[in-house]
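Report on the following structure.
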Amino acid sequence: MKHRGRHRRRRRGRALRATLAGTALALTAAATMISASQATVADDPGALRPVGVETGRLPLAEQRVPGLWLDRLASEMGRPVGVGAVLEGADLPLRNAADCAGPDRHGLPVEPAATRAYCFGASDTRGWRPGAVTTSGDADDDGRWAGNRVILSGWSRGGAEGGSLDGPDPERGLAKVAFVDANDPARARYAWALLAVPVDGGRDYRGLVSPLSGMVWYQDKLLVTTREGDRDALYVYDLDRIQRATVEADAVGRVRGGWAAHGSRYVLPAVGSYTLPRGKAPRPATVSLDRSTAPDSLVASEWVPADGDRPTRLWRYALSRDPARSGLLSTDSAGRAEPVEAYETKTADVRGVLAYRSAWYLDRAAGSPGGHGTLWRQDVDGARATECGTDETRHCWSGGSGSLSYWEETGEVWSQSGRMLFALPLTSVDRALGRSTDE
């Protein structure tokens, strides 16, 4: 049985609710100090430059895993479960910010400050790199999934935090998602699910070998960015097709006595993917959901290194309104999803993208290890970033930059910095920029 909330479409101009659980965090001095190397004011990227859809064309071809493969895997592994079953078994605690280590808290934003924050345990995440974030606020516009408030945090095996996004080391590999039960903010708990890809006609699966730099949960689907192969752009997972692992082992797939998921208790087998056109093509590196459009849309940014000599490209894709294609991109008769908007920006090293109404928010990584990044708000009229410190630096955002996700029902932006998972109101970002979210 599928558990979907009511997808109530809200009017564009309505006021946002900002019922925030928790008060503003008192960050330690370590989290607010700005190093001398950060004192240089970041270059102003200026306004977004719209480009024609043909010029900014990046068609994504939809591919489906055969239903026979998925049914065969389910018949071997047991009946799939949903998000609720994963949350019932969530027994790993997230610690509140006050109980987190100072070095972890140092990565939180300086201005505006986080209003709630948690950290994953060091032993539980050792050897894993944090990346993408999405929530049940993306999944359904009432902010819940089958009555639950849920946060998904994506992690990848190996790789230094803040490292290059231009490709994974195949020998590191593996990607997993923490399903966080956020019903009680004071007692957030989580369980792991490994991302996998069915093989051998559904008789087995392998791990997804890719860093998770972008992730969107929309309706019953989870879309994640990938740099696994030459043409893979996004993998698609069905959150009603979560399988239980039956053997606790480092292996992945069918093993003697059952099924293993590198220590995770659950497995998510891919149900489809979106591939890039042949030849040299840009690659979406981070994604998020925009509910301020009609229909709802997925926005994406590529990754261009800080010393790159070309602009960063941004795209917007419409999501399907067809009930038979829940959670998928809108495609043409040939199965291609074409962008409905495209832009160029001079902001480089973008690790997170968010769009709401006319504004785009771009998370630029820190220029040095242990430093803070910059959160730019851009539109076709110009760009702004918050300032902080006595030298009015713009390096005020989180240190270990991660993806951005807007929980419209609460008005919060969620992101991740190292082991810290944090949120703050979008209105506080706009106030710090001297702008209004309602503009």
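All residue names refer to the structure tokens as shown: chains lettered A, B, ... in order, residues numbered from 1 in each chain, ligands numbered from 1 in order.
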
Test item: residues at most 8 Å from Arg419 of chain A, only C-alpha atoms, excluding those fewer than 4 positions along its chain, as a PDB file with all heavy atoms, in the first residue's frame:
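The new file out28.pdb reads:
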ATOM      1  N   ASP A 104      33.069  20.431  15.029  1.00  0.00           N
ATOM      2  CA  ASP A 104      31.878  20.217  14.205  1.00  0.00           C
ATOM      3  C   ASP A 104      31.024  21.484  14.173  1.00  0.00           C
ATOM      4  O   ASP A 104      30.557  21.912  13.114  1.00  0.00           O
ATOM      5  CB  ASP A 104      31.051  19.051  14.747  1.00  0.00           C
ATOM      6  CG  ASP A 104      31.706  17.697  14.500  1.00  0.00           C
ATOM      7  OD1 ASP A 104      32.516  17.599  13.557  1.00  0.00           O
ATOM      8  OD2 ASP A 104      31.419  16.756  15.249  1.00  0.00           O
ATOM      9  N   CYS A 119      24.215  16.669  15.219  1.00  0.00           N
ATOM     10  CA  CYS A 119      25.410  16.054  14.632  1.00  0.00           C
ATOM     11  C   CYS A 119      25.285  14.537  14.669  1.00  0.00           C
ATOM     12  O   CYS A 119      24.691  13.955  15.572  1.00  0.00           O
ATOM     13  CB  CYS A 119      26.680  16.513  15.339  1.00  0.00           C
ATOM     14  SG  CYS A 119      26.779  16.087  17.087  1.00  0.00           S
ATOM     15  N   PHE A 120      25.828  13.916  13.628  1.00  0.00           N
ATOM     16  CA  PHE A 120      25.950  12.465  13.562  1.00  0.00           C
ATOM     17  C   PHE A 120      27.174  12.054  14.383  1.00  0.00           C
ATOM     18  O   PHE A 120      28.136  12.811  14.515  1.00  0.00           O
ATOM     19  CB  PHE A 120      26.121  12.000  12.118  1.00  0.00           C
ATOM     20  CG  PHE A 120      24.896  12.156  11.273  1.00  0.00           C
ATOM     21  CD1 PHE A 120      24.628  13.358  10.629  1.00  0.00           C
ATOM     22  CD2 PHE A 120      24.014  11.106  11.106  1.00  0.00           C
ATOM     23  CE1 PHE A 120      23.499  13.518   9.839  1.00  0.00           C
ATOM     24  CE2 PHE A 120      22.876  11.247  10.315  1.00  0.00           C
ATOM     25  CZ  PHE A 120      22.618  12.453   9.684  1.00  0.00           C
ATOM     26  N   GLY A 121      27.145  10.861  14.900  1.00  0.00           N
ATOM     27  CA  GLY A 121      28.270  10.365  15.678  1.00  0.00           C
ATOM     28  C   GLY A 121      29.497  10.126  14.818  1.00  0.00           C
ATOM     29  O   GLY A 121      29.394   9.681  13.671  1.00  0.00           O
ATOM     30  N   ALA A 122      30.673  10.406  15.373  1.00  0.00           N
ATOM     31  CA  ALA A 122      31.921  10.235  14.627  1.00  0.00           C
ATOM     32  C   ALA A 122      32.156   8.776  14.264  1.00  0.00           C
ATOM     33  O   ALA A 122      32.565   8.450  13.145  1.00  0.00           O
ATOM     34  CB  ALA A 122      33.091  10.785  15.440  1.00  0.00           C
ATOM     35  N   THR A 125      29.989   7.531  11.297  1.00  0.00           N
ATOM     36  CA  THR A 125      30.188   8.134   9.971  1.00  0.00           C
ATOM     37  C   THR A 125      31.646   8.143   9.545  1.00  0.00           C
ATOM     38  O   THR A 125      31.971   8.713   8.507  1.00  0.00           O
ATOM     39  CB  THR A 125      29.656   9.578   9.958  1.00  0.00           C
ATOM     40  OG1 THR A 125      30.276  10.326  11.017  1.00  0.00           O
ATOM     41  CG2 THR A 125      28.143   9.599  10.160  1.00  0.00           C
ATOM     42  N   PRO A 130      29.749  13.480   3.992  1.00  0.00           N
ATOM     43  CA  PRO A 130      28.374  13.982   3.918  1.00  0.00           C
ATOM     44  C   PRO A 130      28.126  14.728   2.621  1.00  0.00           C
ATOM     45  O   PRO A 130      29.057  15.245   2.000  1.00  0.00           O
ATOM     46  CB  PRO A 130      28.279  14.926   5.118  1.00  0.00           C
ATOM     47  CG  PRO A 130      29.680  15.417   5.293  1.00  0.00           C
ATOM     48  CD  PRO A 130      30.573  14.265   4.926  1.00  0.00           C
TER      49      PRO A 130
END

Using only C-alpha atoms, which of the listed residues (A:Pro282, A:Pro277, A:Gly89, A:Gly84) sits closest to Gly147 of chain A?
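For Gly147 of chain A, the nearest of the candidates is A:Gly84.
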
For segment 234-245 of chain A: contacts at 9 Å, only C-alpha atoms, fewer than 3 positions along chain excluded, given as an MDAnalysis selection string:
chainID A and resid 1:3 60 64 70 74 77:83 86 193 195 217 219:227 248 253 258:261 263:275 284 327:328

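Using only C-alpha atoms, the smallest distance between any of A:His106, A:Glu54, A:Gly202, A:Gly46 and Leu73 of chain A comes from A:Gly202.
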
note - atom CA of Asp43 of chain A and atom CA of Gly214 of chain A are separated by 25.1 Å

Which of segment 111-349 of chain A DSSP labels strand (DSSP E), written as JSON, numbers by chain
{"A": [116, 117, 118, 119, 128, 129, 130, 131, 132, 133, 134, 135, 150, 151, 152, 153, 154, 155, 156, 157, 175, 176, 177, 178, 179, 180, 181, 189, 190, 191, 192, 193, 194, 195, 196, 197, 198, 199, 204, 205, 206, 207, 215, 216, 217, 218, 221, 222, 223, 224, 225, 232, 233, 234, 235, 236, 237, 238, 243, 244, 252, 253, 254, 255, 258, 259, 260, 261, 266, 267, 268, 269, 270, 271, 272, 273, 274, 275, 284, 285, 286, 287, 288, 289, 290, 297, 298, 299, 300, 301, 302, 312, 313, 314, 315, 316, 317, 318, 336, 337, 341, 342, 343, 344, 345]}
